[in-house]
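Below: the structure, in C-alpha cells.
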Amino acid sequence: MKDTKQQWFKDAKYGLFIHWGLYSMLGGEYKGRKTTRIAEWIMNNFDISVEEYEKLAKEFNPVNFDADMMVRKAKEWGMKYVVFTSKHHDGFALYDSKCSDYNIVNATPYGKDVLKQLADACKKYGLKLGLYYSQAQDWHDPNGLMFRKENSHKDYQYYLDNKAKPQLREILTQYGEIGLIWFDTPMDESTYEQSKSMFDLVKSIQPNCIVSGRIGNGLGEYMTTADNFIPRLPYKGDWEVPATLNDTWGFNKFDNNWKDSKDIIPLLLKIVSRGGNYLLNIGPDGIGNVPEESIKILDEVGSYVNENQEGIFGTVRMDYYSYEPIGLELTQKPYKLFVHVFSPRPRIELLNIGNKIKNAYLLHNNEKLDFIAYRACEDAALIEVEIPEEMHEKAYYCVCLELEEERPIFEPLEDEA
C-alpha cells in the first residue's frame with residue numbers, strides 16, 4: 001500500500017495539471033499532417049528531427065502566458081495543488097536551466113522563466129506546486145530514451161548524470177518548496193539502481209517532496225493510474241488519476257471532444273469516494289492562452305466543488321458498498337455520509353445501509369430534510385430522504401446525513417453474507 005506520509009496530499013483530492021511547451025505551437029499539426037494521438041508526442045510520432053523541432057524554440061514567444069491567472073483560477077476552482085511540465089519528453093525546459101541551453105530563457109525570444117512565475121503564484125495563492133519532469137525520455141538529448149525507437153546505442157547513464165539529475169537539482173533548489181516530482185514513462189531500460197538514485201536525489205534535497213508512481217521500479221510513494229483510468233473499487237493507499245478535459249494533454253487545435261462539466265463532477269466524486277485525487281489538465285496554446293472551453297468546464301465544476309466542499313475535502317475512502325445507485329455518488333467522513341445527487345428525484349433511497357440517522361440536510365444551505373430509516377419488504381435496511389418539492393426537477397446538489405455511528409454500515413447482499 002502506497003503512503004506519501006504527507007497529509008496535504010491525502011487531503012488535496014483535486015489538482016490542476018498544466019501541459020505546455022514547444023509542441024503547443026504546433027497544435028497537433030506538422031506540415032499539413034494532423035496527429036490523431038496526444039499532441040505533445042508529435043515529435044516522436046511524426047519522427048520530426050531534432051534540427052527541425054529546435055526551430056520552434058526560435059519562434060516561441062508566448063506573450064499571453066499568465067501564471068498568476070492560471071493559479072488564481074485553480075484556487076477558485078477548489079483545487080489544492082498545481083503540477084507543471086518543467087521538461088516534457090521533447091527535452092525542452094520551461095525554466096532557466098544552467099546545464100542545458102535548450103530552455104525557454106536561453107533559446108526563445110520570450111526569454112522569461114515561467115516556472116518562477118508559477119512558483120511565485122502558487123506561493124501567493126497558497127497552493128502546492130508539483131513539477132512534472134521526464135526523467136527517462138528526452139528526444140532532444142542524444143542519450144535520452146525514446147519510446148518505440150532503438151535505444152541500444154545510447155548511454156542512458158551518461159544522460160542521467162549530465163542532464164536529468166542536474167536539472168532535477170535545479171528545480172528542487174531554485175523554486176522554493178516543491179510538493180511533488182511527477183516523473184513519467186520510466187521505460188524498460190531504467191534499472192532499479194538508476195530509479196533509486198533519482199529518488200534519493202529528490203529526498204536528499206527536499207525530504208518532504210513526494211515522488212510520483214511513475215519513477216519506475218516500484219519506488220513511487222503513491223500510485224499513479226493510467227491516464228484517464230479510474231479504479232473500479234475503493235483502493236487503499238495514496239493514489240491519483242491524471243485526466244484530460246478532451247482527448248489530449250498538450251494543446252491540439254483540432255480536438256473539440258470536450259467533456260461536459262456534468263460528466264466531470266461525478267468522475268471527481270467517484271475518485272474521491274474511492275480514495276484518490278483527481279489531477280485535471282489544461283493545455284495552453286502556443287502563445288499561452290488557456291482554451292476557453294477548459295475555463296468554462298472548470299468554472300462549472302468549481303461551482304459545485306465550492307458549494308459542497310464539506311462533502312469533498314477531508315473525506316476518507318469509502319468502504320465497499322454493494323450497490324452503485326444510479327445518479328448518486330457517496331462520500332464520507334467520520335459520523336457523516338454525503339449523498340451527491342446528479343439526477344432529479346423526489347426522494348433519495350439508499351438500500352442496505354444500516355446506520356441510525358440523526359439528521360439530514362442540504363449541504364449548500366443547511367435546509368433540514370425529512371427522512372426515515374426502516375427495514376424494507378426484503379428485510380434490507382432502507383433510508384429514504386425527502387427532497388423539497390421545489391428541487392424535484394433539480395440535480396447536482398449534495399445531502400448530508402449525520403450518523404450515530406462513525407462509519408457507514410454497509411450491509412452485504414444476501415448472497416454475500
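Numbering starts fresh at 1 for the residues of each chain in the C-alpha cells, the chains themselves are lettered A, B, ... in the order given, and ligands are numbered from 1 as they appear.
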Ser197 of chain A environment, 12 Å, only C-alpha atoms, sequence neighbours closer than 2 positions dropped, as a CSV table (one decimal) with N, CA and C atoms, in the first residue's frame:
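out_2.csv written:
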chain,number,residue,atom,x,y,z
A,135,GLN,N,12.1,11.9,-16.8
A,135,GLN,CA,13.4,11.5,-16.4
A,135,GLN,C,14.1,10.5,-17.3
A,157,GLN,N,23.0,6.2,-18.8
A,157,GLN,CA,23.6,6.6,-17.5
A,157,GLN,C,24.2,8.0,-17.7
A,160,LEU,N,21.6,10.6,-17.6
A,160,LEU,CA,21.1,10.8,-16.2
A,160,LEU,C,22.1,11.7,-15.4
A,161,ASP,N,23.3,11.4,-15.6
A,161,ASP,CA,24.4,12.1,-14.8
A,161,ASP,C,24.6,13.5,-15.3
A,164,ALA,N,19.6,14.8,-16.6
A,164,ALA,CA,18.4,14.6,-15.8
A,164,ALA,C,18.7,15.0,-14.3
A,165,LYS,N,19.7,14.4,-13.8
A,165,LYS,CA,20.0,14.7,-12.3
A,165,LYS,C,20.4,16.2,-12.1
A,168,LEU,N,17.1,18.1,-12.2
A,168,LEU,CA,16.3,17.8,-11.0
A,168,LEU,C,16.8,18.6,-9.9
A,190,SER,N,15.4,1.6,-17.7
A,190,SER,CA,15.7,2.2,-16.4
A,190,SER,C,15.9,1.0,-15.4
A,191,THR,N,17.0,0.9,-14.8
A,191,THR,CA,17.2,-0.1,-13.8
A,191,THR,C,16.7,0.4,-12.4
A,192,TYR,N,16.6,-0.6,-11.5
A,192,TYR,CA,16.2,-0.2,-10.1
A,192,TYR,C,17.2,0.8,-9.5
A,193,GLU,N,18.5,0.5,-9.7
A,193,GLU,CA,19.5,1.4,-9.2
A,193,GLU,C,19.4,2.8,-9.7
A,194,GLN,N,19.1,3.0,-11.0
A,194,GLN,CA,19.0,4.3,-11.6
A,194,GLN,C,17.8,5.0,-11.1
A,195,SER,N,16.7,4.3,-11.0
A,195,SER,CA,15.5,4.9,-10.4
A,195,SER,C,15.7,5.3,-8.9
A,199,PHE,N,15.3,8.9,-6.9
A,199,PHE,CA,14.5,9.0,-5.7
A,199,PHE,C,15.4,9.6,-4.6
A,200,ASP,N,16.5,9.0,-4.4
A,200,ASP,CA,17.4,9.5,-3.3
A,200,ASP,C,17.8,11.0,-3.5
A,201,LEU,N,18.0,11.4,-4.7
A,201,LEU,CA,18.4,12.7,-5.0
A,201,LEU,C,17.3,13.7,-4.6
A,202,VAL,N,16.1,13.4,-4.9
A,202,VAL,CA,15.0,14.2,-4.5
A,202,VAL,C,14.9,14.3,-3.0
A,203,LYS,N,15.0,13.2,-2.3
A,203,LYS,CA,14.8,13.2,-0.9
A,203,LYS,C,16.0,13.9,-0.2
A,204,SER,N,17.2,13.8,-0.8
A,204,SER,CA,18.4,14.5,-0.2
A,204,SER,C,18.2,16.0,-0.2
A,215,ILE,N,8.0,7.0,-11.3
A,215,ILE,CA,9.5,7.0,-11.3
A,215,ILE,C,10.0,5.6,-11.8
A,216,GLY,N,9.2,4.6,-11.6
A,216,GLY,CA,9.5,3.3,-12.1
A,216,GLY,C,10.1,2.4,-11.0
A,217,ASN,N,10.1,1.1,-11.3
A,217,ASN,CA,10.7,0.1,-10.4
A,217,ASN,C,10.1,0.0,-9.0
A,219,LEU,N,9.2,2.3,-7.0
A,219,LEU,CA,9.7,3.2,-6.0
A,219,LEU,C,8.8,4.5,-5.7
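Around Ile295 of chain A, within 10 Å and counting only C-alpha atoms, the residues found are Met70, Lys73, Ala74, Trp77, Ile282, Val290, Pro291, Glu292, Leu298, Asp299, Glu300 and Val301 of chain A, once anything fewer than 3 positions away on its own chain is removed.
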Expected file: the selected residues, C-alpha atoms, as a short mmCIF file (atom, residue, chain, number, x, y, z; two decimals), in the first residue's frame:
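After the write, again_8.cif holds the following:
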data_model
loop_
_atom_site.label_atom_id
_atom_site.label_comp_id
_atom_site.auth_asym_id
_atom_site.auth_seq_id
_atom_site.Cartn_x
_atom_site.Cartn_y
_atom_site.Cartn_z
CA MET A 70 -3.89 30.08 -14.00
CA LYS A 73 -8.29 30.16 -11.30
CA ALA A 74 -7.09 26.85 -9.86
CA TRP A 77 -11.92 26.04 -8.88
CA ILE A 282 -5.29 22.24 -19.17
CA VAL A 290 -5.81 28.63 -21.96
CA PRO A 291 -8.60 27.27 -24.20
CA GLU A 292 -11.87 29.00 -23.35
CA LEU A 298 -13.64 24.08 -14.80
CA ASP A 299 -15.67 27.13 -13.77
CA GLU A 300 -18.78 24.95 -13.73
CA VAL A 301 -17.07 22.13 -11.85
#
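Straight-line separation from atom CA of Thr224 of chain A to atom CA of Lys333 of chain A: 23.8 Å.
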What's around Phe46 of chain A at 9 Å? Count only C-alpha atoms, leave out sequence neighbours fewer than 4 positions away in its own chain, and write the answer as a JSON list (two decimals) with N, CA and C atoms, in the first residue's frame.
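This is the output file around-v5.json:
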[["chain", "number", "residue", "atom", "x", "y", "z"],
["A", 30, "TYR", "N", 1.69, 19.20, -38.12],
["A", 30, "TYR", "CA", 3.05, 19.48, -38.58],
["A", 30, "TYR", "C", 3.11, 19.30, -40.09],
["A", 33, "ARG", "N", 0.16, 17.65, -41.71],
["A", 33, "ARG", "CA", -0.25, 16.36, -41.12],
["A", 33, "ARG", "C", -0.86, 16.59, -39.74],
["A", 35, "THR", "N", -2.11, 15.00, -36.21],
["A", 35, "THR", "CA", -1.94, 13.82, -35.37],
["A", 35, "THR", "C", -3.27, 13.37, -34.79],
["A", 41, "TRP", "N", 3.16, 14.50, -28.07],
["A", 41, "TRP", "CA", 4.02, 13.44, -28.60],
["A", 41, "TRP", "C", 4.28, 13.60, -30.10],
["A", 42, "ILE", "N", 3.97, 14.74, -30.66],
["A", 42, "ILE", "CA", 4.03, 14.89, -32.12],
["A", 42, "ILE", "C", 5.45, 14.72, -32.65]]
Helix (DSSP H, G or I) positions in segment 126-235 of chain A, given as number ranges by chain = A: 156-173, 192-205, 213-215
Neighbours of Ser152 of chain A within 12 Å (only C-alpha atoms; same-chain residues fewer than 4 positions away dropped), as a PyMOL selection string?
-> chain A and resi 142-146+148+156+188-189
So which residues touch segment 394-396 of chain A within 8 Å, counting only C-alpha atoms, skipping near sequence neighbours fewer than 3 positions away, as a short mmCIF file (atom, residue, chain, number, x, y, z; two decimals) with C-alpha atoms, in the first residue's frame?
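Full text of result-v8.cif as output:
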data_model
loop_
_atom_site.label_atom_id
_atom_site.label_comp_id
_atom_site.auth_asym_id
_atom_site.auth_seq_id
_atom_site.Cartn_x
_atom_site.Cartn_y
_atom_site.Cartn_z
CA TYR A 304 -20.14 22.55 -7.43
CA HIS A 340 -24.18 13.70 -4.16
CA VAL A 341 -27.24 13.84 -6.42
CA PHE A 342 -26.77 14.04 -10.19
CA SER A 343 -30.30 13.36 -11.45
CA PRO A 344 -33.71 14.80 -10.48
CA ARG A 345 -35.82 12.89 -7.95
CA MET A 391 -36.00 20.80 -6.04
#
Please identify all polymer residues within 9 Å of Asn228 of chain A, counting only C-alpha atoms, omitting same-chain residues fewer than 2 positions from it, and present them as a list in words.
-> Thr225, Ala226, Ile230, Val241, Pro242, Ala243 and Thr244 of chain A
Would you mind exporting C-alpha atoms of the selected residues as a short mmCIF file (atom, residue, chain, number, x, y, z; two decimals), in the first residue's frame?
data_model
loop_
_atom_site.label_atom_id
_atom_site.label_comp_id
_atom_site.auth_asym_id
_atom_site.auth_seq_id
_atom_site.Cartn_x
_atom_site.Cartn_y
_atom_site.Cartn_z
CA THR A 225 -3.17 5.29 -12.54
CA ALA A 226 -3.04 5.09 -16.32
CA ILE A 230 -10.30 5.07 -12.54
CA VAL A 241 -5.89 9.84 -11.54
CA PRO A 242 -4.32 12.16 -14.15
CA ALA A 243 -7.02 13.13 -16.63
CA THR A 244 -7.82 15.32 -19.62
#
Between A:Ala119, A:Ile326, A:Ala380, A:Ile372, which has the minimum distance to Gly179 of chain A (counting only C-alpha atoms)?
->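 Closest candidate: A:Ala119.
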Quick one: residues within 6 Å of segment 88-90 of chain A, only C-alpha atoms counted, chain neighbours fewer than 4 positions away excluded, as number ranges by chain?
-> A: 134, 137-140
Identify, with DSSP run on backbone atoms, the residues in segment 206-346 of chain A assigned to strand (DSSP E), and express the list as a PyMOL selection string.
-> chain A and resi 210-211+223-224+239-243+277-282+328-333+336-341
Using N, CA and C atoms, can you export the residues from the last selection as a compact mmCIF listing (two decimals), in the first residue's frame?
# COMPACT_ATOMS: atom_id res chain seq x y z
N ILE A 210 7.18 14.67 -2.45
CA ILE A 210 6.64 13.36 -2.80
C ILE A 210 7.15 12.94 -4.17
N VAL A 211 7.47 11.66 -4.32
CA VAL A 211 7.91 11.11 -5.60
C VAL A 211 6.77 10.29 -6.20
N MET A 223 0.39 5.74 -5.98
CA MET A 223 0.06 5.06 -7.22
C MET A 223 -0.54 6.04 -8.21
N THR A 224 0.09 6.14 -9.38
CA THR A 224 -0.46 6.94 -10.46
C THR A 224 -1.16 5.99 -11.43
N TRP A 239 -3.25 7.55 -4.01
CA TRP A 239 -3.24 7.39 -5.45
C TRP A 239 -3.88 8.60 -6.13
N GLU A 240 -3.67 8.66 -7.44
CA GLU A 240 -4.09 9.83 -8.20
C GLU A 240 -4.45 9.42 -9.63
N VAL A 241 -5.49 10.04 -10.16
CA VAL A 241 -5.89 9.84 -11.54
C VAL A 241 -5.55 11.10 -12.34
N PRO A 242 -4.56 11.03 -13.24
CA PRO A 242 -4.32 12.16 -14.15
C PRO A 242 -5.31 12.07 -15.31
N ALA A 243 -5.93 13.19 -15.66
CA ALA A 243 -7.02 13.13 -16.63
C ALA A 243 -7.10 14.39 -17.48
N ASN A 277 -7.04 11.10 -5.65
CA ASN A 277 -7.01 12.50 -6.07
C ASN A 277 -7.26 12.58 -7.57
N TYR A 278 -7.84 13.68 -8.01
CA TYR A 278 -8.17 13.90 -9.42
C TYR A 278 -7.29 15.05 -9.91
N LEU A 279 -6.39 14.78 -10.85
CA LEU A 279 -5.48 15.78 -11.40
C LEU A 279 -5.93 16.09 -12.82
N LEU A 280 -6.64 17.21 -12.99
CA LEU A 280 -7.26 17.56 -14.26
C LEU A 280 -6.38 18.53 -15.04
N ASN A 281 -6.30 18.33 -16.34
CA ASN A 281 -5.32 19.02 -17.18
C ASN A 281 -5.91 20.18 -17.98
N ILE A 282 -5.07 21.22 -18.15
CA ILE A 282 -5.29 22.24 -19.17
C ILE A 282 -4.04 22.29 -20.05
N LEU A 328 -26.27 8.85 -8.27
CA LEU A 328 -25.78 9.24 -6.94
C LEU A 328 -24.32 8.85 -6.79
N GLU A 329 -23.61 9.56 -5.94
CA GLU A 329 -22.28 9.16 -5.51
C GLU A 329 -22.18 9.46 -4.03
N LEU A 330 -21.52 8.58 -3.29
CA LEU A 330 -21.40 8.73 -1.84
C LEU A 330 -19.97 9.07 -1.44
N THR A 331 -19.82 9.98 -0.49
CA THR A 331 -18.54 10.23 0.15
C THR A 331 -18.78 10.24 1.66
N GLN A 332 -17.70 10.14 2.42
CA GLN A 332 -17.89 10.04 3.87
C GLN A 332 -16.75 10.70 4.63
N LYS A 333 -17.07 11.11 5.83
CA LYS A 333 -16.09 11.47 6.85
C LYS A 333 -16.69 10.99 8.18
N LYS A 336 -20.51 11.19 9.23
CA LYS A 336 -21.29 11.83 8.17
C LYS A 336 -21.19 11.03 6.88
N LEU A 337 -22.34 10.94 6.20
CA LEU A 337 -22.39 10.33 4.87
C LEU A 337 -22.97 11.38 3.93
N PHE A 338 -22.25 11.66 2.85
CA PHE A 338 -22.68 12.66 1.88
C PHE A 338 -23.23 11.98 0.64
N VAL A 339 -24.40 12.41 0.22
CA VAL A 339 -25.05 11.85 -0.96
C VAL A 339 -25.07 12.93 -2.04
N HIS A 340 -24.25 12.75 -3.05
CA HIS A 340 -24.18 13.70 -4.16
C HIS A 340 -25.19 13.26 -5.21
N VAL A 341 -26.08 14.16 -5.57
CA VAL A 341 -27.24 13.84 -6.42
C VAL A 341 -27.04 14.44 -7.80
Using only C-alpha atoms, pick whichever of A:Glu324, A:Asp379, A:Asp101, A:Glu307 has the shortest atom-to-atom distance to Leu233 of chain A.
-> A:Glu324
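Our summary of the geometry notes that atom CA of Ser294 of chain A is positioned 20.3 Å from atom CA of Glu29 of chain A.
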Which of these residues is nearest to Arg37 of chain A, using only C-alpha atoms: A:Lys98, A:Gly78, A:Asn151, A:Asn246?
->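 Going through A:Lys98, A:Gly78, A:Asn151, A:Asn246 one by one, the smallest distance to Arg37 of chain A is for A:Asn246.
One finds atom CA of Ala12 of chain A at 13.0 Å from atom CA of Arg317 of chain A.
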